[in-house]
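J.: What follows is a structure written as structure tokens; I'll ask about it next.
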Amino acid sequence: MDSLWKEAFDAVQATEQQKERAMRAVKASAGQAAPKRRLALRTVPAFLLAAVIVIGCALFFTPTIAVAVEGASTVTLSVNPFDRVIASDGGGDLYISCEDAVERLLAQADGAGITIIGGGERQRSRLGESLRDCGAPCDTATEQEAKDAAAAGLSVGKYRAYLAWHELDASVTAEDAACLSMRQIREKIAALQGEEPSGETESTQSNSGGAGKGGAKGNGKQYGKKS
């Protein structure tokens with residue numbers, strides 16, 4: 001009987017030892033899992049920060065709107081969502097604000113105009129407000145207008161000026177407009193309307209619309225174009 005009790009007791013002792021070993025194993029496992037969880041929690045913010053940096057860089061170098069400064073020649077700026085210039089087809093400084101870039105171009109172009117092309121309504125409105133303070137005529141245009149102007153071989157602002165000129169003189173061609181600066185085209189239009197042009201490079205007769213048209217034709221011949 002005693003031997004049976006001893007065997008039973010030994011069996012119980014063995015079970016407790018197993019339980020104790022199992023408990024130690026569980027605690028050890030829990031102790032190892034805790035740092036892993038803490039490491040995972042630390043990794044999540046780092047991953048999110050990296051994702052934000054990558055997305056931010058991608059957005060910074062994504063053009064969302066274009067701004068054309070049109071004078072004797074046209075320089076088109078590609079602008080990102082943060083109103084920073086990321087590309088230019090006419091040289092100039094990059095990664096500066098669009099307003100600063102436009103002001104620098106206007107300082108080198110006499111009688112230039114500004115056209116904001118495409119973009120979302122908010123950015124278009126925001127840029128319009130800031131660029132109208134640059135002291136030059138500022139307008140907006142759709143991407144379709146830009147395509148039509150490109151098909152005619154003109155910038156958007158010059159294309160619009162050409163259409164206005166063409167309405168007053170049907171003999172005018174897009175090639176005629178391409179040979180002139182924006183100031184000169186505006187002077188042609190003013191002459192055809194019988195108004196005094198803003199520049200001093202051309203003289204017109206202001207007593208009648210017909211006289212203005214004659215002056216425009218004379219200037220057209222000066223540039224080698226048949227009016």
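Each chain of the structure tokens is named A, B, ... in the order shown, its residues numbered from 1; ligands are numbered from 1 in display order.
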Taking only range 79-136 of chain A into account, list the residues labelled alpha helix (DSSP H) by DSSP (computed from the backbone), as a list of chain:residue names.
T.: A:Cys98, A:Glu99, A:Asp100, A:Ala101, A:Val102, A:Glu103, A:Arg104, A:Leu105, A:Leu106, A:Glu121, A:Arg122, A:Gln123, A:Arg124, A:Ser125, A:Arg126, A:Leu127, A:Gly128, A:Glu129, A:Ser130, A:Leu131
J.: At a cut-off of 9 Å, using only C-alpha atoms, what residues contact Leu77 in chain A? Leave out same-chain residues fewer than 5 positions from it and give the result as an NGL selection string.
T.: :A and (65-69 or 85-90 or 98 or 101-102)
J.: Keeping C-alpha atoms, export the residues of the selection given above as a CSV table (one decimal), in the first residue's frame.
T.:
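Output saved as selection-v4.csv:
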chain,number,residue,atom,x,y,z
A,65,ILE,CA,-0.8,73.5,-63.3
A,66,ALA,CA,1.1,75.6,-65.9
A,67,VAL,CA,1.8,79.3,-66.0
A,68,ALA,CA,2.9,81.0,-69.2
A,69,VAL,CA,4.6,84.4,-69.2
A,85,VAL,CA,8.2,75.7,-60.1
A,86,ILE,CA,9.6,72.3,-60.9
A,87,ALA,CA,10.2,72.8,-64.6
A,88,SER,CA,10.6,75.6,-67.2
A,89,ASP,CA,10.9,75.5,-70.9
A,90,GLY,CA,12.8,78.8,-70.9
A,98,CYS,CA,5.7,80.6,-58.8
A,101,ALA,CA,9.6,83.1,-60.8
A,102,VAL,CA,7.0,85.1,-62.7
J.: Write out as a list in words which residues come within 10 Å of Ile116 in chain A when counting only C-alpha atoms, dropping same-chain ones fewer than 5 positions away.
T.: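 Those residues are Ile65, Ala66, Val67, Ala68, Val69, Thr76, Leu77, Gln123, Arg124, Ser125, Leu127, Gly128, Leu131, Cys138, Asp139, Thr140, Ala141, Thr142, Glu143, Val156 and Gly157 of chain A.
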J.: Can I get the selection written as a PDB file, in the first residue's frame, with N, CA, C and O atoms?
T.:
ATOM      1  N   ILE A  65      -0.273  72.313 -62.615  1.00  0.00           N
ATOM      2  CA  ILE A  65      -0.771  73.503 -63.310  1.00  0.00           C
ATOM      3  C   ILE A  65       0.392  74.138 -64.051  1.00  0.00           C
ATOM      4  O   ILE A  65       1.556  73.905 -63.708  1.00  0.00           O
ATOM      5  N   ALA A  66       0.084  74.907 -65.088  1.00  0.00           N
ATOM      6  CA  ALA A  66       1.121  75.584 -65.869  1.00  0.00           C
ATOM      7  C   ALA A  66       0.849  77.084 -65.871  1.00  0.00           C
ATOM      8  O   ALA A  66      -0.305  77.518 -65.854  1.00  0.00           O
ATOM      9  N   VAL A  67       1.928  77.851 -65.897  1.00  0.00           N
ATOM     10  CA  VAL A  67       1.830  79.305 -65.959  1.00  0.00           C
ATOM     11  C   VAL A  67       2.723  79.791 -67.096  1.00  0.00           C
ATOM     12  O   VAL A  67       3.927  79.502 -67.110  1.00  0.00           O
ATOM     13  N   ALA A  68       2.125  80.498 -68.051  1.00  0.00           N
ATOM     14  CA  ALA A  68       2.875  81.012 -69.196  1.00  0.00           C
ATOM     15  C   ALA A  68       3.067  82.517 -69.049  1.00  0.00           C
ATOM     16  O   ALA A  68       2.110  83.247 -68.794  1.00  0.00           O
ATOM     17  N   VAL A  69       4.311  82.951 -69.192  1.00  0.00           N
ATOM     18  CA  VAL A  69       4.638  84.382 -69.212  1.00  0.00           C
ATOM     19  C   VAL A  69       4.962  84.728 -70.656  1.00  0.00           C
ATOM     20  O   VAL A  69       5.951  84.241 -71.218  1.00  0.00           O
ATOM     21  N   THR A  76       7.024  78.915 -70.287  1.00  0.00           N
ATOM     22  CA  THR A  76       5.979  78.191 -69.574  1.00  0.00           C
ATOM     23  C   THR A  76       6.576  77.479 -68.373  1.00  0.00           C
ATOM     24  O   THR A  76       7.538  76.729 -68.498  1.00  0.00           O
ATOM     25  N   LEU A  77       5.972  77.733 -67.220  1.00  0.00           N
ATOM     26  CA  LEU A  77       6.435  77.140 -65.971  1.00  0.00           C
ATOM     27  C   LEU A  77       5.512  75.998 -65.570  1.00  0.00           C
ATOM     28  O   LEU A  77       4.283  76.154 -65.621  1.00  0.00           O
ATOM     29  N   GLN A 123      -6.320  75.764 -56.806  1.00  0.00           N
ATOM     30  CA  GLN A 123      -4.973  76.232 -57.110  1.00  0.00           C
ATOM     31  C   GLN A 123      -5.007  77.340 -58.154  1.00  0.00           C
ATOM     32  O   GLN A 123      -4.246  78.311 -58.064  1.00  0.00           O
ATOM     33  N   ARG A 124      -5.880  77.219 -59.137  1.00  0.00           N
ATOM     34  CA  ARG A 124      -5.998  78.250 -60.163  1.00  0.00           C
ATOM     35  C   ARG A 124      -6.404  79.591 -59.544  1.00  0.00           C
ATOM     36  O   ARG A 124      -5.866  80.651 -59.887  1.00  0.00           O
ATOM     37  N   SER A 125      -7.363  79.525 -58.613  1.00  0.00           N
ATOM     38  CA  SER A 125      -7.810  80.746 -57.943  1.00  0.00           C
ATOM     39  C   SER A 125      -6.711  81.318 -57.051  1.00  0.00           C
ATOM     40  O   SER A 125      -6.486  82.538 -57.019  1.00  0.00           O
ATOM     41  N   LEU A 127      -3.392  80.925 -57.308  1.00  0.00           N
ATOM     42  CA  LEU A 127      -2.334  81.513 -58.113  1.00  0.00           C
ATOM     43  C   LEU A 127      -2.795  82.805 -58.773  1.00  0.00           C
ATOM     44  O   LEU A 127      -2.024  83.759 -58.895  1.00  0.00           O
ATOM     45  N   GLY A 128      -4.054  82.819 -59.201  1.00  0.00           N
ATOM     46  CA  GLY A 128      -4.577  84.025 -59.839  1.00  0.00           C
ATOM     47  C   GLY A 128      -4.494  85.226 -58.923  1.00  0.00           C
ATOM     48  O   GLY A 128      -4.103  86.326 -59.334  1.00  0.00           O
ATOM     49  N   LEU A 131      -0.674  86.177 -58.541  1.00  0.00           N
ATOM     50  CA  LEU A 131      -0.005  86.650 -59.748  1.00  0.00           C
ATOM     51  C   LEU A 131      -0.583  87.959 -60.275  1.00  0.00           C
ATOM     52  O   LEU A 131       0.095  88.686 -61.004  1.00  0.00           O
ATOM     53  N   CYS A 138      -3.305  89.240 -66.248  1.00  0.00           N
ATOM     54  CA  CYS A 138      -3.318  87.824 -65.860  1.00  0.00           C
ATOM     55  C   CYS A 138      -4.659  87.219 -66.210  1.00  0.00           C
ATOM     56  O   CYS A 138      -5.710  87.788 -65.891  1.00  0.00           O
ATOM     57  N   ASP A 139      -4.630  86.069 -66.885  1.00  0.00           N
ATOM     58  CA  ASP A 139      -5.858  85.392 -67.295  1.00  0.00           C
ATOM     59  C   ASP A 139      -5.685  83.893 -67.093  1.00  0.00           C
ATOM     60  O   ASP A 139      -4.595  83.406 -66.813  1.00  0.00           O
ATOM     61  N   THR A 140      -6.780  83.164 -67.248  1.00  0.00           N
ATOM     62  CA  THR A 140      -6.741  81.710 -67.136  1.00  0.00           C
ATOM     63  C   THR A 140      -7.181  81.081 -68.453  1.00  0.00           C
ATOM     64  O   THR A 140      -7.852  81.722 -69.275  1.00  0.00           O
ATOM     65  N   ALA A 141      -6.817  79.831 -68.655  1.00  0.00           N
ATOM     66  CA  ALA A 141      -7.179  79.111 -69.871  1.00  0.00           C
ATOM     67  C   ALA A 141      -7.338  77.634 -69.548  1.00  0.00           C
ATOM     68  O   ALA A 141      -6.713  77.117 -68.619  1.00  0.00           O
ATOM     69  N   THR A 142      -8.189  76.967 -70.309  1.00  0.00           N
ATOM     70  CA  THR A 142      -8.374  75.535 -70.135  1.00  0.00           C
ATOM     71  C   THR A 142      -7.297  74.774 -70.901  1.00  0.00           C
ATOM     72  O   THR A 142      -6.583  75.335 -71.749  1.00  0.00           O
ATOM     73  N   GLU A 143      -7.182  73.507 -70.602  1.00  0.00           N
ATOM     74  CA  GLU A 143      -6.203  72.683 -71.304  1.00  0.00           C
ATOM     75  C   GLU A 143      -6.563  72.551 -72.788  1.00  0.00           C
ATOM     76  O   GLU A 143      -5.675  72.444 -73.632  1.00  0.00           O
ATOM     77  N   VAL A 156      -0.932  80.437 -75.480  1.00  0.00           N
ATOM     78  CA  VAL A 156      -2.361  80.660 -75.230  1.00  0.00           C
ATOM     79  C   VAL A 156      -2.723  82.135 -75.309  1.00  0.00           C
ATOM     80  O   VAL A 156      -3.687  82.521 -75.980  1.00  0.00           O
ATOM     81  N   GLY A 157      -1.962  82.967 -74.612  1.00  0.00           N
ATOM     82  CA  GLY A 157      -2.270  84.396 -74.624  1.00  0.00           C
ATOM     83  C   GLY A 157      -2.175  84.984 -76.016  1.00  0.00           C
ATOM     84  O   GLY A 157      -3.020  85.783 -76.433  1.00  0.00           O
TER      85      GLY A 157
END
J.: Just give me the gap between CA of Phe82 in chain A and CA of Gly56 in chain A in Å, one decimal is fine.
T.: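 Between these atoms lies a distance of 10.4 Å.
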J.: How far is it from CA of Ala46 in chain A to CA of Pro81 in chain A, in Å with one decimal?
T.: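 Separation of CA of Ala46 in chain A and CA of Pro81 in chain A: 25.1 Å.
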J.: Interatomic distance between CA of Ile114 in chain A and CA of Arg183 in chain A?
T.: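 Value for the CA of Ile114 in chain A-CA of Arg183 in chain A distance: 12.7 Å.
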J.: Rank nothing, just name the residue among A:Leu49, A:Ala174, A:Ala136, A:Cys57 nearest to Ala150 in chain A, using only C-alpha atoms.
T.: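 Selected residue with least distance to Ala150 in chain A: A:Ala174.
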J.: Pick from A:Gln108, A:Gln193, A:Gln144, A:Ser181: nearest to Gly71 in chain A, with only C-alpha atoms counted?
T.: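 Nearest to Gly71 in chain A: A:Ser181.
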J.: Closest to Asp110 in chain A among A:Ala164, A:Ala190, A:Met182, A:Ile53, using only C-alpha atoms?
T.: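 Closest residue, counting only C-alpha atoms: A:Met182.
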J.: Restricting the calculation to only C-alpha atoms, which member of A:Ile185, A:Glu175, A:Ala191, A:Glu103 is positioned closest to Ala151 in chain A?
T.: A:Glu175
